[in-house]
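Student: I am sharing target_21.cif, which consists of mmCIF, C-alpha atoms:
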```
data_protein
loop_
_atom_site.label_atom_id
_atom_site.label_comp_id
_atom_site.auth_asym_id
_atom_site.auth_seq_id
_atom_site.Cartn_x
_atom_site.Cartn_y
_atom_site.Cartn_z
CA SER A 675 -9.59 -14.39 -12.52
CA MET A 676 -9.33 -11.04 -10.83
CA THR A 677 -9.78 -7.42 -11.78
CA PRO A 678 -6.64 -5.49 -10.86
CA GLN A 679 -7.33 -2.56 -8.56
CA LEU A 680 -3.80 -1.22 -9.06
CA ASP A 681 -3.04 0.09 -12.54
CA ASP A 682 0.10 -0.98 -14.38
CA LEU A 683 1.92 2.29 -13.74
CA GLU A 684 1.28 2.26 -10.00
CA ALA A 685 2.21 -1.42 -9.82
CA GLU A 686 5.49 -0.85 -11.66
CA ILE A 687 6.38 2.19 -9.52
CA THR A 688 5.70 0.16 -6.37
CA TYR A 689 7.89 -2.64 -7.71
CA LEU A 690 10.74 -0.22 -8.51
CA LEU A 691 10.49 1.52 -5.13
CA LEU A 692 10.78 -1.84 -3.40
CA ARG A 693 13.71 -2.88 -5.57
CA ASP A 694 15.46 0.38 -4.69
CA ALA A 695 14.62 0.47 -0.96
CA ARG A 696 15.33 -3.26 -0.44
CA PRO A 697 13.35 -3.37 2.83
CA ALA A 698 13.69 -6.34 5.16
CA HIS A 699 10.00 -6.03 6.06
CA VAL A 700 7.08 -4.65 4.05
CA MET A 701 3.64 -4.08 5.51
CA GLU A 702 0.55 -4.12 3.29
CA LEU A 703 -2.87 -2.99 4.50
CA GLY A 704 -5.58 -4.37 2.26
CA THR A 705 -5.05 -7.18 -0.22
CA PHE A 706 -8.44 -7.76 -1.86
CA HIS A 707 -7.54 -10.33 -4.56
CA GLY A 708 -3.78 -9.97 -4.33
CA TRP A 709 -2.75 -7.86 -7.29
CA SER A 710 -0.57 -5.50 -5.23
CA THR A 711 0.48 -8.43 -3.04
CA SER A 712 1.82 -10.24 -6.11
CA TRP A 713 3.77 -7.19 -7.31
CA ILE A 714 5.27 -6.67 -3.85
CA LEU A 715 6.22 -10.33 -3.53
CA GLN A 716 7.77 -10.29 -6.99
CA ALA A 717 9.98 -7.34 -5.97
CA LEU A 718 11.04 -9.10 -2.75
CA ARG A 719 11.79 -12.28 -4.69
CA ASP A 720 13.85 -10.32 -7.22
CA ASN A 721 15.66 -8.56 -4.36
CA GLY A 722 16.59 -11.97 -2.95
CA SER A 723 15.37 -10.91 0.50
CA GLY A 724 12.52 -9.32 2.38
CA HIS A 725 9.28 -10.41 4.00
CA LEU A 726 5.75 -9.14 3.34
CA HIS A 727 3.23 -8.86 6.18
CA SER A 728 -0.27 -8.44 4.68
CA PHE A 729 -3.36 -7.54 6.69
CA ASP A 730 -6.97 -7.82 5.49
CA ARG A 731 -10.40 -8.65 6.84
CA ILE A 732 -11.11 -10.87 3.82
CA ASP A 733 -8.85 -13.71 2.72
CA ASN A 734 -9.40 -13.89 -1.05
CA VAL A 735 -5.68 -13.30 -1.48
CA ARG A 736 -4.86 -16.75 -0.08
CA HIS A 737 -6.35 -18.28 -3.23
CA THR A 738 -5.04 -15.90 -5.89
CA VAL A 739 -1.39 -15.08 -5.16
CA PRO A 740 0.92 -17.38 -7.14
CA ARG A 741 2.49 -19.97 -4.83
CA GLU A 742 5.89 -19.50 -6.46
CA LEU A 743 5.96 -15.95 -5.07
CA THR A 744 4.96 -16.71 -1.49
CA GLY A 745 7.45 -19.24 -0.13
CA ASP A 746 8.75 -18.14 3.24
CA ARG A 747 8.54 -14.45 2.33
CA TRP A 748 4.85 -13.84 3.13
CA THR A 749 2.70 -13.68 6.26
CA PHE A 750 -1.01 -13.07 5.82
CA VAL A 751 -2.82 -11.77 8.90
CA HIS A 752 -6.57 -12.34 8.60
CA GLY A 753 -8.54 -9.75 10.51
CA ASP A 754 -8.91 -6.05 11.14
CA VAL A 755 -5.45 -4.49 11.49
CA ARG A 756 -6.88 -2.06 14.05
CA ARG A 757 -7.30 -5.04 16.37
CA ARG A 758 -3.99 -6.67 15.38
CA LEU A 759 -1.44 -3.97 16.20
CA SER A 760 0.67 -6.52 18.09
CA ASP A 761 1.28 -8.22 14.69
CA VAL A 762 2.65 -5.05 13.08
CA PRO A 763 6.38 -5.50 12.34
CA ARG A 764 8.16 -2.69 14.19
CA ASP A 765 11.02 -2.78 11.69
CA THR A 766 8.83 -2.18 8.64
CA GLY A 767 10.89 -0.66 5.84
CA TYR A 768 8.03 0.05 3.42
CA LEU A 769 4.32 0.55 4.04
CA PHE A 770 1.67 0.02 1.37
CA VAL A 771 -1.85 1.18 2.31
CA ASP A 772 -4.83 0.10 0.21
CA ALA A 773 -7.56 -0.67 2.74
CA ALA A 774 -10.67 1.21 3.86
CA HIS A 775 -10.61 4.46 1.91
CA THR A 776 -12.42 6.50 4.54
CA ALA A 777 -11.43 9.59 6.47
CA ALA A 778 -11.90 7.66 9.73
CA PHE A 779 -9.49 4.92 8.65
CA ALA A 780 -6.94 7.52 7.52
CA ARG A 781 -7.15 9.27 10.89
CA TRP A 782 -6.61 5.88 12.55
CA PHE A 783 -3.56 4.86 10.53
CA LEU A 784 -1.96 8.28 10.89
CA ALA A 785 -2.53 8.40 14.67
CA ASP A 786 -2.17 4.75 15.70
CA LEU A 787 -0.21 2.89 13.03
CA PHE A 788 2.35 5.45 11.84
CA PRO A 789 3.92 5.80 15.31
CA LEU A 790 4.62 2.04 15.32
CA VAL A 791 6.72 2.02 12.15
CA PRO A 792 10.07 3.76 11.66
CA SER A 793 9.91 7.42 10.69
CA GLY A 794 11.00 8.29 7.17
CA ILE A 795 10.25 4.95 5.49
CA PRO A 796 8.67 4.97 2.02
CA VAL A 797 4.87 4.85 2.20
CA SER A 798 2.45 4.31 -0.70
CA VAL A 799 -1.24 5.06 -0.25
CA HIS A 800 -3.46 3.81 -3.06
CA ASP A 801 -6.59 5.63 -4.28
CA VAL A 802 -5.81 9.17 -3.13
CA HIS A 803 -5.90 10.99 -6.49
CA HIS A 804 -8.96 9.96 -8.51
CA GLY A 805 -9.49 13.38 -10.05
CA ARG A 806 -7.75 16.71 -10.43
CA PHE A 807 -8.71 17.52 -6.85
CA VAL A 808 -9.10 15.37 -3.76
CA LEU A 809 -12.63 15.21 -2.45
CA PRO A 810 -13.22 16.58 1.07
CA PHE A 811 -13.95 14.16 3.92
CA THR A 812 -12.01 11.32 2.29
CA GLU A 813 -8.89 9.34 3.11
CA GLY A 814 -7.00 11.43 0.58
CA ALA A 815 -8.07 14.74 2.14
CA VAL A 816 -7.02 13.59 5.62
CA LEU A 817 -3.69 12.22 4.39
CA LEU A 818 -2.78 15.24 2.26
CA ARG A 819 -3.63 17.65 5.12
CA TRP A 820 -1.42 15.57 7.47
CA MET A 821 1.41 15.70 4.91
CA ARG A 822 1.09 19.49 4.40
CA GLU A 823 1.13 20.12 8.16
CA ARG A 824 4.41 18.18 8.45
CA GLY A 825 6.08 19.37 5.26
CA VAL A 826 6.03 15.86 3.78
CA GLU A 827 6.32 15.86 0.01
CA GLY A 828 4.43 13.33 -2.02
CA PHE A 829 4.44 11.98 -5.53
CA THR A 830 1.63 10.90 -7.80
CA ALA A 831 1.54 9.68 -11.36
CA SER A 832 -2.25 9.92 -11.45
CA ARG A 833 -3.46 10.67 -14.97
CA ARG A 834 -6.01 13.19 -13.71
CA ARG A 835 -4.01 14.85 -10.93
CA ALA A 836 -0.59 14.90 -12.63
CA PRO A 837 -1.21 14.53 -16.37
CA GLY A 838 2.30 15.73 -17.30
CA VAL A 839 3.98 13.17 -15.04
CA TYR A 840 1.63 10.50 -16.31
CA ALA A 841 2.36 11.35 -19.97
CA ARG A 842 6.14 11.34 -19.46
CA LEU A 843 6.04 7.98 -17.71
CA MET A 844 3.76 6.43 -20.31
#
```
Just dump the structure as structure tokens.

Tutor:
Amino acid sequence: SMTPQLDDLEAEITYLLLRDARPAHVMELGTFHGWSTSWILQALRDNGSGHLHSFDRIDNVRHTVPRELTGDRWTFVHGDVRRRLSDVPRDTGYLFVDAAHTAAFARWFLADLFPLVPSGIPVSVHDVHHGRFVLPFTEGAVLLRWMRERGVEGFTASRRRAPGVYARLM
């Protein structure tokens, strides 16, 4: 049994984005017990193509993701992604970030990981909008500042940050 860390709405939006983008390679940072991993793999299975490259320092996910979803479409890299940059697929078509939710990790992935993946791909970052406002000195604050500086638009269906969007989707 596992407690999902990704709510139903975020999981379904991720699934639909993957079905629409149809990426050949998806990169996932942080798996915990595999809830997001399972949704991503389901989308790739339903697309009939695509491969997921998951990175995490813990390997709980190896025991929780349904075997019927994994097949030859999943590579799990056990270890700190910051030390495994050679394993990052350079042709990533979708990036899902749900790892260390710290400002330091956000600065790292923006400076060191983003340059390794193609510009303009869809990126989902989990746990940015917990409340109406993003707390300072957090992953969300670093990411949103980076986006503002570059004119990158974002989307959230967070109940607290975007209650109108959330209500319409529900």

Student: Quick one: apply the PyMOL selection byres ((chain A and resi 818-835) around 12) to the file and drop the selected residues here as a VMD selection string.

Tutor: chain A and resid 680 to 688 777 780 to 781 783 to 785 788 793 to 817 836 to 844

Student: Applied to this file, what does the PyMOL selection byres ((chain A and resi 694-701) around 8) return in terms of residues, put as a tab-separated table (two decimals) with C-alpha atoms, in the coordinates of the input?

Tutor:
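Saved the output as result.tsv:
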```
chain	number	residue	atom	x	y	z
A	690	LEU	CA	10.74	-0.22	-8.51
A	691	LEU	CA	10.49	1.52	-5.13
A	692	LEU	CA	10.78	-1.84	-3.40
A	693	ARG	CA	13.71	-2.88	-5.57
A	702	GLU	CA	0.55	-4.12	3.29
A	703	LEU	CA	-2.87	-2.99	4.50
A	718	LEU	CA	11.04	-9.10	-2.75
A	721	ASN	CA	15.66	-8.56	-4.36
A	723	SER	CA	15.37	-10.91	0.50
A	724	GLY	CA	12.52	-9.32	2.38
A	725	HIS	CA	9.28	-10.41	4.00
A	726	LEU	CA	5.75	-9.14	3.34
A	727	HIS	CA	3.23	-8.86	6.18
A	728	SER	CA	-0.27	-8.44	4.68
A	729	PHE	CA	-3.36	-7.54	6.69
A	762	VAL	CA	2.65	-5.05	13.08
A	763	PRO	CA	6.38	-5.50	12.34
A	765	ASP	CA	11.02	-2.78	11.69
A	766	THR	CA	8.83	-2.18	8.64
A	767	GLY	CA	10.89	-0.66	5.84
A	768	TYR	CA	8.03	0.05	3.42
A	769	LEU	CA	4.32	0.55	4.04
A	770	PHE	CA	1.67	0.02	1.37
```

Student: May I ask which of the residues A:Leu759, A:Gly722, A:Trp713, A:Arg747 is the closest one to Trp782 of chain A, counting all atoms listed in the file?

Tutor: A:Leu759

Student: Pick from A:Asp746, A:Ala773, A:Asn734, A:Val791: nearest to Asp761 of chain A, with all atoms listed in the file counted?

Tutor: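 Among the listed residues, the smallest separation from Asp761 of chain A belongs to A:Val791.
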
Student: What does the distance from atom CA of Ala717 of chain A to atom CA of Val771 of chain A come to in Å, to one decimal?

Tutor: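 These atoms are spaced 16.8 Å apart.
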
Student: Since I can't run it myself right now, could you work out what the PyMOL selection byres ((chain A and resi 730) around 8) selects here and report it as a PyMOL selection string?

Tutor: chain A and resi 703-706+728-729+731-733+750-755+773

Student: For the selection just defined, write its residues with C-alpha atoms to a file, as a PDB file, in the frame of the given file.

Tutor:
```
ATOM      1  CA  LEU A 703      -2.870  -2.990   4.500  1.00  0.00           C
ATOM      2  CA  GLY A 704      -5.580  -4.370   2.260  1.00  0.00           C
ATOM      3  CA  THR A 705      -5.050  -7.180  -0.220  1.00  0.00           C
ATOM      4  CA  PHE A 706      -8.440  -7.760  -1.860  1.00  0.00           C
ATOM      5  CA  SER A 728      -0.270  -8.440   4.680  1.00  0.00           C
ATOM      6  CA  PHE A 729      -3.360  -7.540   6.690  1.00  0.00           C
ATOM      7  CA  ARG A 731     -10.400  -8.650   6.840  1.00  0.00           C
ATOM      8  CA  ILE A 732     -11.110 -10.870   3.820  1.00  0.00           C
ATOM      9  CA  ASP A 733      -8.850 -13.710   2.720  1.00  0.00           C
ATOM     10  CA  PHE A 750      -1.010 -13.070   5.820  1.00  0.00           C
ATOM     11  CA  VAL A 751      -2.820 -11.770   8.900  1.00  0.00           C
ATOM     12  CA  HIS A 752      -6.570 -12.340   8.600  1.00  0.00           C
ATOM     13  CA  GLY A 753      -8.540  -9.750  10.510  1.00  0.00           C
ATOM     14  CA  ASP A 754      -8.910  -6.050  11.140  1.00  0.00           C
ATOM     15  CA  VAL A 755      -5.450  -4.490  11.490  1.00  0.00           C
ATOM     16  CA  ALA A 773      -7.560  -0.670   2.740  1.00  0.00           C
TER      17      ALA A 773
END
```

Student: So the first atom is atom CA of His775 of chain A and the second is atom CA of Arg757 of chain A; what is the distance between them in Å, to one decimal place?

Tutor: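 A separation of 17.6 Å between them.
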
Student: Give me, please, the distance in Å between atom CA of Tyr689 of chain A and atom CA of Asp772 of chain A, quoted to one decimal.

Tutor: 15.2 Å

Student: Let me have the centre and edge lengths in Å, one decimal, of the box along x, y and z around every listed atom of segment 782-790 of chain A with 4 Å of margin on each side, as JSON.

Tutor:
```
{"center_x": -1.0, "center_y": 5.2, "center_z": 13.1, "size_x": 19.2, "size_y": 14.4, "size_z": 13.2}
```

Student: Using only C-alpha atoms, find the one residue out of A:Pro740, A:Leu787, A:Thr711, A:Val735 that sits nearest to Arg764 of chain A.

Tutor: A:Leu787

Student: Which residue is closest to Gly745 of chain A? Choose from A:Pro789, A:Ala778, A:Leu715, A:Ser760 and count only C-alpha atoms.

Tutor: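 Of A:Pro789, A:Ala778, A:Leu715, A:Ser760, the one nearest Gly745 of chain A, counting only C-alpha atoms, is A:Leu715.
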
Student: Could you list as a ChimeraX atom specification every residue that has an atom within 6 Å of (-4.0, -13.8, -6.0), using the file's coordinates and counting all atoms listed in the file?

Tutor: /A:707-708,735,737-739
